[in-house]
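Visitor: What follows is the file target_29.pdb, containing PDB, C-alpha atoms, pLDDT in the B column:
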```pdb
ATOM      1  CA  MET A   1      65.795 100.384 250.142  1.00 71.00           C
ATOM      2  CA  ASP A   2      67.983  97.483 251.275  1.00 81.00           C
ATOM      3  CA  LYS A   3      69.285  95.029 248.760  1.00 90.00           C
ATOM      4  CA  PHE A   4      67.610  91.575 248.923  1.00 93.00           C
ATOM      5  CA  ILE A   5      69.904  88.839 250.253  1.00 93.00           C
ATOM      6  CA  PRO A   6      68.681  85.216 250.377  1.00 95.00           C
ATOM      7  CA  TYR A   7      68.341  83.733 253.845  1.00 95.00           C
ATOM      8  CA  GLU A   8      71.009  81.093 253.150  1.00 95.00           C
ATOM      9  CA  LYS A   9      73.588  83.772 252.385  1.00 96.00           C
ATOM     10  CA  LEU A  10      72.922  85.942 255.438  1.00 95.00           C
ATOM     11  CA  SER A  11      75.409  86.089 258.269  1.00 96.00           C
ATOM     12  CA  LYS A  12      74.769  84.087 261.448  1.00 97.00           C
ATOM     13  CA  LYS A  13      73.931  87.268 263.335  1.00 97.00           C
ATOM     14  CA  ASN A  14      71.332  88.391 260.786  1.00 95.00           C
ATOM     15  CA  LYS A  15      69.777  84.900 260.565  1.00 96.00           C
ATOM     16  CA  ARG A  16      69.463  84.847 264.336  1.00 95.00           C
ATOM     17  CA  LYS A  17      67.797  88.272 264.347  1.00 93.00           C
ATOM     18  CA  ILE A  18      65.209  87.123 261.778  1.00 92.00           C
ATOM     19  CA  ASP A  19      64.571  83.825 263.603  1.00 91.00           C
ATOM     20  CA  ILE A  20      64.020  85.579 266.936  1.00 88.00           C
ATOM     21  CA  SER A  21      61.623  88.101 265.405  1.00 85.00           C
ATOM     22  CA  LYS A  22      59.517  85.280 263.931  1.00 85.00           C
ATOM     23  CA  ARG A  23      59.573  83.153 267.068  1.00 84.00           C
ATOM     24  CA  ASN A  24      58.628  85.402 269.980  1.00 75.00           C
ATOM     25  CA  ASP A  25      55.070  86.623 269.364  1.00 71.00           C
ATOM     26  CA  TRP A  26      51.943  84.842 270.659  1.00 74.00           C
ATOM     27  CA  SER A  27      49.638  87.767 269.679  1.00 77.00           C
ATOM     28  CA  GLY A  28      48.116  88.178 273.137  1.00 79.00           C
ATOM     29  CA  ILE A  29      47.405  84.455 273.654  1.00 78.00           C
ATOM     30  CA  ASN A  30      48.646  82.850 276.838  1.00 80.00           C
ATOM     31  CA  PRO A  31      49.645  79.263 275.912  1.00 76.00           C
ATOM     32  CA  VAL A  32      49.500  78.141 279.553  1.00 81.00           C
ATOM     33  CA  THR A  33      45.768  78.806 279.814  1.00 79.00           C
ATOM     34  CA  ARG A  34      44.861  77.260 276.463  1.00 73.00           C
ATOM     35  CA  VAL A  35      42.737  74.097 276.637  1.00 73.00           C
ATOM     36  CA  ALA A  36      42.847  71.526 273.876  1.00 69.00           C
ATOM     37  CA  ASP A  37      39.465  70.818 272.302  1.00 67.00           C
ATOM     38  CA  THR A  38      39.728  67.024 272.351  1.00 65.00           C
ATOM     39  CA  ASP A  39      36.497  66.163 274.181  1.00 65.00           C
ATOM     40  CA  ALA A  40      34.628  65.505 270.931  1.00 65.00           C
ATOM     41  CA  LYS A  41      36.810  62.559 269.955  1.00 68.00           C
ATOM     42  CA  LYS A  42      37.727  61.259 273.373  1.00 72.00           C
ATOM     43  CA  TYR A  43      38.806  57.610 273.644  1.00 76.00           C
ATOM     44  CA  VAL A  44      36.177  55.604 275.557  1.00 75.00           C
ATOM     45  CA  ARG A  45      37.186  52.243 277.054  1.00 82.00           C
ATOM     46  CA  LYS A  46      33.683  51.069 277.914  1.00 82.00           C
ATOM     47  CA  PRO A  47      31.919  48.986 275.252  1.00 83.00           C
ATOM     48  CA  LYS A  48      29.116  50.785 273.464  1.00 81.00           C
ATOM     49  CA  TYR A  49      26.571  48.014 274.164  1.00 86.00           C
ATOM     50  CA  PRO A  50      27.717  46.067 277.276  1.00 83.00           C
ATOM     51  CA  ASP A  51      24.579  43.844 277.475  1.00 85.00           C
ATOM     52  CA  ARG A  52      24.863  42.520 273.953  1.00 77.00           C
ATOM     53  CA  TYR A  53      27.794  40.090 274.468  1.00 62.00           C
TER      54      TYR A  53
END
```
Kindly transcribe the structure held in the file into structure tokens.
Guide:
Amino acid sequence: MDKFIPYEKLSKKNKRKIDISKRNDWSGINPVTRVADTDAKKYVRKPKYPDRY
């Protein structure tokens, strides 16, 4: 078993290896085809009751 070394004390090369391994996985999700679910709270410019004023 490898000896535990804190992240701050690792060499640049080892830090980079850890960072890359954490960064590169989308778990089968394509971020280009994702659609934000913002329709529920969409900003509406029209007044709610235009006849009232």
Visitor: Taking all atoms of region 11-28 of chain A that appear in the file, build a box with edges along x, y and z, extend it by 4 Å on every side, and state its centre and edge lengths in Å to one decimal, as JSON.
Guide:
```
{"center_x": 61.8, "center_y": 85.8, "center_z": 265.7, "size_x": 35.3, "size_y": 13.2, "size_z": 22.9}
```
Visitor: How far is it from CA of Lys17 (chain A) to CA of Ile5 (chain A), in Å with one decimal?
Guide: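 Separation of CA of Lys17 (chain A) and CA of Ile5 (chain A): 14.3 Å.
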Visitor: Within 12 Å of Asp19 (chain A), counting all atoms listed in the file, which residues show up once you throw out same-chain ones fewer than 6 positions away? Write them as a list in words, please.
Guide: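 The filter keeps Tyr7, Leu10, Lys12, Lys13 and Asp25 of chain A.
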